[in-house]
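Here's the structure we're looking at; comments come further down.
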Amino acid sequence: MRIFSGIQPTGRKHVGNYIGAIRQYVEGQDRGDPAIYCIVDLHAISLPYEPAELRERLYDTTALLIAAGLDPDRCVLFRQGDVQEHTELSWLLSSVTAVGELNRMHQFRDKSVGQRELVSAALLFYPVLQAADVLAYRAHEVPVGEDQREHLELMRDVARRFNARYGEDLLVVPEPRIPELGARIMDLQEPTRKMSTTGGTAEGTVLVLDEPAVVERKIKRAVTDSGSDIVRAPDKPGVTNLIDILAIARGTTPEAVEQDMASARGYGDLKVATAQAVVEMLAPVRERYGELRGDEQRLESILAAGAEKARAMARETLADVRAAMGVGPVG
């Protein structure tokens, strides 16, 4: 079974990214044949950015993924921009993608509102390139967070539509893998909103590379709810979020956390326990990241080797797609 997922190139990954995506990547190395992970620098240019910063953040992300447990010998780790098959396939797939579908994407509508000078065509076509990212490898499974479900459904529709027009089974219709627990980690200051480095609050976003004292401060200042019962409930988004984070950091269940916290003196005890567990969870990643980030030549070598493996797989798919569509020479 082939597994594929892509991640934006920013080193400012938060606990939600780590829980919802990166830990899934690490786990997928033992199930994928192969597990393919792509740092999507081409997606990053759909919004205004600084070129020098993009390159730095890409190295940050590469080092962070390896620090979290990705092993380049057990998975395929590469930079999207190094494999040109992605962009060619996205153009070919655009012929079976409806503009109306792209206009209805929540991400496009939400992000385009914030663009005062230019709403780029790249932002509109983002889901088509995302579909090409996955379909190029005929991946069976895509580990993603809940927020990407809409894009995955479009991707599946595009694959089905392509197969119906040009030949059954040319493209694999992938299945999303969304974790039951941790698919949406919420902002600690605004627990009804998803944790985010772009749309969230600074104090409500715990970064993977935050110093332990900063992690503790942010979690201890987390907004909670009325009452004092430490239980998950729809009217307790703040407490529910902390329980979920603690359960994941401890490798247990929310029910076990509720039982353990039954004798707690209040929300303060929950915050202290959560802060301690998160610091312990992130400590090995922070330490390993520090060892890796300074050697950019090594990081480039890892990405180049991954890109070579990725191109070999994507090239086969693209050749089949071009032949089926009548594009290019025969054979």
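Ordering of the structure tokens sets the chain letters (A, B, ...), residue numbers begin anew at 1 in every chain, and ligands are numbered from 1 in the order given.
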Original post:
Near Val272 in chain A, counting only C-alpha atoms, which residues have an atom at most 8 Å away, once you skip same-chain residues fewer than 6 positions from it, shown as a ChimeraX atom specification?
Top reply: /A:216,219-220
With N, CA and C atoms retained, could you export that selection as an mmCIF file, in the first residue's frame?
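For reference, part-v8.cif as written:
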data_model
loop_
_atom_site.group_PDB
_atom_site.id
_atom_site.type_symbol
_atom_site.label_atom_id
_atom_site.label_comp_id
_atom_site.auth_asym_id
_atom_site.auth_seq_id
_atom_site.Cartn_x
_atom_site.Cartn_y
_atom_site.Cartn_z
ATOM 1 N N GLU A 216 5.039 25.612 28.810
ATOM 2 C CA GLU A 216 4.347 25.605 30.106
ATOM 3 C C GLU A 216 3.516 26.867 30.280
ATOM 4 N N ILE A 219 0.317 26.799 28.006
ATOM 5 C CA ILE A 219 -0.705 25.838 28.432
ATOM 6 C C ILE A 219 -1.326 26.243 29.756
ATOM 7 N N LYS A 220 -0.534 26.796 30.661
ATOM 8 C CA LYS A 220 -1.079 27.210 31.954
ATOM 9 C C LYS A 220 -1.997 28.418 31.826
#
Subject >> Backbone DSSP call of helix (DSSP H, G or I) for range 29-168 of chain A, listed as a PyMOL selection string >> reply: chain A and resi 41-44+51-68+80-82+85-96+99-103+106-113+121-135+146-166
**OP:** Give the answer as one residue: which of A:Arg184, A:Ile45, A:Arg156, A:Leu54 has the shortest atom-to-atom distance to Phe125 in chain A, using only C-alpha atoms?
**Re:** A:Ile45
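Counting only C-alpha atoms, the residue from A:Gln24, A:Gln115, A:Gln148, A:Thr61 that sits nearest to Leu209 in chain A is A:Thr61.
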**OP:** Taking the chain letters and numbering used in this document, name the residues of range 34-258 of chain A that DSSP puts in strand (DSSP E or B), as a ChimeraX atom specification.
**Re:** /A:35-39,76-79,141-143,175-177,186,194,207
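Here CA of Leu282 in chain A is placed at a distance of 19.4 Å from CA of Val257 in chain A.
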Original post:
Skipping near chain neighbours, those fewer than 3 positions away, what residues fall within 8 Å of Ala324 in chain A using only C-alpha atoms, listed as a list in words?
Top reply: Tyr166, Gly167, Asp320, Val321 and Val327 of chain A
Only N, CA, C and O atoms, please: the residues just picked out, written as a PDB file, in the first residue's frame.
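Dumped to out_23.pdb:
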ATOM      1  N   TYR A 166     -11.005   8.364 -19.585  1.00  0.00           N
ATOM      2  CA  TYR A 166      -9.827   7.876 -20.317  1.00  0.00           C
ATOM      3  C   TYR A 166      -9.480   6.406 -20.080  1.00  0.00           C
ATOM      4  O   TYR A 166      -8.603   5.874 -20.748  1.00  0.00           O
ATOM      5  N   GLY A 167     -10.141   5.772 -19.130  1.00  0.00           N
ATOM      6  CA  GLY A 167      -9.841   4.355 -18.916  1.00  0.00           C
ATOM      7  C   GLY A 167      -9.827   3.996 -17.446  1.00  0.00           C
ATOM      8  O   GLY A 167      -9.156   4.646 -16.645  1.00  0.00           O
ATOM      9  N   ASP A 320       1.563   7.004 -18.524  1.00  0.00           N
ATOM     10  CA  ASP A 320       0.263   6.369 -18.759  1.00  0.00           C
ATOM     11  C   ASP A 320      -0.824   7.413 -19.009  1.00  0.00           C
ATOM     12  O   ASP A 320      -1.695   7.236 -19.873  1.00  0.00           O
ATOM     13  N   VAL A 321      -0.785   8.496 -18.248  1.00  0.00           N
ATOM     14  CA  VAL A 321      -1.780   9.563 -18.397  1.00  0.00           C
ATOM     15  C   VAL A 321      -1.639  10.233 -19.761  1.00  0.00           C
ATOM     16  O   VAL A 321      -2.627  10.455 -20.475  1.00  0.00           O
ATOM     17  N   VAL A 327      -1.579  12.797 -25.575  1.00  0.00           N
ATOM     18  CA  VAL A 327      -0.623  13.914 -25.491  1.00  0.00           C
ATOM     19  C   VAL A 327       0.790  13.381 -25.761  1.00  0.00           C
ATOM     20  O   VAL A 327       1.207  12.386 -25.184  1.00  0.00           O
TER      21      VAL A 327
END
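Going from CA of Pro179 in chain A to CA of Ala21 in chain A covers 8.9 Å.
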Find the nearest atom pair between each residue of range 3-116 of chain A and range 287-295 of chain A for residues within 9 Å, count only C-alpha atoms, give distances in Å to one decimal, sort rows by chain and ascending number, and present the table as a Markdown table.
| residue | atom | partner | partner_atom | distance |
| --- | --- | --- | --- | --- |
| A:Tyr59 | CA | A:Arg293 | CA | 7.1 |
| A:Asp60 | CA | A:Arg293 | CA | 6.6 |
| A:Thr62 | CA | A:Arg293 | CA | 8.4 |
| A:Ala63 | CA | A:Arg293 | CA | 5.4 |
| A:Leu64 | CA | A:Tyr289 | CA | 5.6 |
| A:Leu65 | CA | A:Tyr289 | CA | 8.6 |
| A:Ile66 | CA | A:Tyr289 | CA | 7.8 |
| A:Ala67 | CA | A:Arg288 | CA | 5.0 |
| A:Ala68 | CA | A:Arg288 | CA | 8.0 |
Residue contacts of Gln80 in chain A (7 Å, only C-alpha atoms) excluding same-chain residues fewer than 5 positions away, as a compact mmCIF listing (two decimals) with N, CA and C atoms, in the first residue's frame:
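Output saved as out_31.txt:
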# COMPACT_ATOMS: atom_id res chain seq x y z
N CYS A 38 6.16 14.69 1.01
CA CYS A 38 6.59 15.77 0.13
C CYS A 38 6.46 17.12 0.85
N ILE A 39 7.51 17.92 0.79
CA ILE A 39 7.46 19.29 1.33
C ILE A 39 7.04 20.19 0.18
N VAL A 40 5.86 20.77 0.30
CA VAL A 40 5.18 21.36 -0.87
C VAL A 40 5.53 22.84 -1.05
N ASP A 41 6.72 23.10 -1.55
CA ASP A 41 7.14 24.48 -1.76
C ASP A 41 6.33 25.18 -2.85
N LEU A 42 5.84 24.43 -3.84
CA LEU A 42 5.04 25.06 -4.90
C LEU A 42 3.69 25.54 -4.37
Subject >> Residue contacts of Val76 in chain A (10 Å, only C-alpha atoms) excluding same-chain residues fewer than 3 positions away, as a list of chain:residue names >> reply: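 Counting only the stated atoms, we get A:Phe4, A:Gln29, A:Pro34, A:Ala35, A:Ile36, A:Tyr37, A:Cys38, A:Leu70, A:Asp71, A:Pro72, A:Asp73, A:Ile302, A:Leu303, A:Ala305, A:Gly306, A:Ala307, A:Glu308, A:Lys309, A:Ala310.
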Once you have the residues from the selection above, write them out as a PDB file, in the first residue's frame, restricted to N, CA and C atoms.
ATOM      1  N   PHE A   4       0.857   8.610   0.787  1.00  0.00           N
ATOM      2  CA  PHE A   4       1.424   9.898   0.372  1.00  0.00           C
ATOM      3  C   PHE A   4       0.814  11.014   1.214  1.00  0.00           C
ATOM      4  N   GLN A  29       5.531   4.941   8.095  1.00  0.00           N
ATOM      5  CA  GLN A  29       6.738   4.324   7.540  1.00  0.00           C
ATOM      6  C   GLN A  29       6.713   2.800   7.657  1.00  0.00           C
ATOM      7  N   PRO A  34       5.838   2.287  -0.900  1.00  0.00           N
ATOM      8  CA  PRO A  34       6.504   2.994   0.190  1.00  0.00           C
ATOM      9  C   PRO A  34       5.601   4.040   0.829  1.00  0.00           C
ATOM     10  N   ALA A  35       6.132   4.700   1.871  1.00  0.00           N
ATOM     11  CA  ALA A  35       5.514   5.905   2.435  1.00  0.00           C
ATOM     12  C   ALA A  35       6.234   7.099   1.810  1.00  0.00           C
ATOM     13  N   ILE A  36       5.475   7.994   1.195  1.00  0.00           N
ATOM     14  CA  ILE A  36       6.044   9.094   0.407  1.00  0.00           C
ATOM     15  C   ILE A  36       5.609  10.420   1.033  1.00  0.00           C
ATOM     16  N   TYR A  37       6.571  11.275   1.394  1.00  0.00           N
ATOM     17  CA  TYR A  37       6.265  12.543   2.051  1.00  0.00           C
ATOM     18  C   TYR A  37       6.954  13.688   1.311  1.00  0.00           C
ATOM     19  N   CYS A  38       6.155  14.695   1.013  1.00  0.00           N
ATOM     20  CA  CYS A  38       6.586  15.774   0.129  1.00  0.00           C
ATOM     21  C   CYS A  38       6.464  17.117   0.854  1.00  0.00           C
ATOM     22  N   LEU A  70      11.107  10.685  10.961  1.00  0.00           N
ATOM     23  CA  LEU A  70      11.147  10.213   9.584  1.00  0.00           C
ATOM     24  C   LEU A  70      12.568   9.764   9.248  1.00  0.00           C
ATOM     25  N   ASP A  71      12.668   8.594   8.653  1.00  0.00           N
ATOM     26  CA  ASP A  71      13.954   8.013   8.294  1.00  0.00           C
ATOM     27  C   ASP A  71      14.044   7.963   6.773  1.00  0.00           C
ATOM     28  N   PRO A  72      14.931   8.742   6.149  1.00  0.00           N
ATOM     29  CA  PRO A  72      15.021   8.752   4.681  1.00  0.00           C
ATOM     30  C   PRO A  72      15.308   7.386   4.077  1.00  0.00           C
ATOM     31  N   ASP A  73      15.793   6.449   4.877  1.00  0.00           N
ATOM     32  CA  ASP A  73      16.024   5.094   4.375  1.00  0.00           C
ATOM     33  C   ASP A  73      14.754   4.235   4.430  1.00  0.00           C
ATOM     34  N   ILE A 302      19.621  14.659   1.261  1.00  0.00           N
ATOM     35  CA  ILE A 302      18.460  13.809   1.572  1.00  0.00           C
ATOM     36  C   ILE A 302      17.302  14.113   0.630  1.00  0.00           C
ATOM     37  N   LEU A 303      17.033  15.405   0.401  1.00  0.00           N
ATOM     38  CA  LEU A 303      15.928  15.802  -0.482  1.00  0.00           C
ATOM     39  C   LEU A 303      16.190  15.380  -1.926  1.00  0.00           C
ATOM     40  N   ALA A 305      18.053  12.828  -2.980  1.00  0.00           N
ATOM     41  CA  ALA A 305      17.906  11.376  -3.098  1.00  0.00           C
ATOM     42  C   ALA A 305      16.431  10.987  -3.108  1.00  0.00           C
ATOM     43  N   GLY A 306      15.628  11.652  -2.286  1.00  0.00           N
ATOM     44  CA  GLY A 306      14.194  11.378  -2.265  1.00  0.00           C
ATOM     45  C   GLY A 306      13.527  11.761  -3.574  1.00  0.00           C
ATOM     46  N   ALA A 307      13.952  12.898  -4.140  1.00  0.00           N
ATOM     47  CA  ALA A 307      13.361  13.358  -5.402  1.00  0.00           C
ATOM     48  C   ALA A 307      13.644  12.378  -6.532  1.00  0.00           C
ATOM     49  N   GLU A 308      14.827  11.783  -6.530  1.00  0.00           N
ATOM     50  CA  GLU A 308      15.158  10.805  -7.566  1.00  0.00           C
ATOM     51  C   GLU A 308      14.234   9.596  -7.491  1.00  0.00           C
ATOM     52  N   LYS A 309      13.963   9.124  -6.289  1.00  0.00           N
ATOM     53  CA  LYS A 309      13.031   8.006  -6.112  1.00  0.00           C
ATOM     54  C   LYS A 309      11.620   8.413  -6.521  1.00  0.00           C
ATOM     55  N   ALA A 310      11.222   9.633  -6.143  1.00  0.00           N
ATOM     56  CA  ALA A 310       9.875  10.100  -6.450  1.00  0.00           C
ATOM     57  C   ALA A 310       9.666  10.242  -7.955  1.00  0.00           C
TER      58      ALA A 310
END
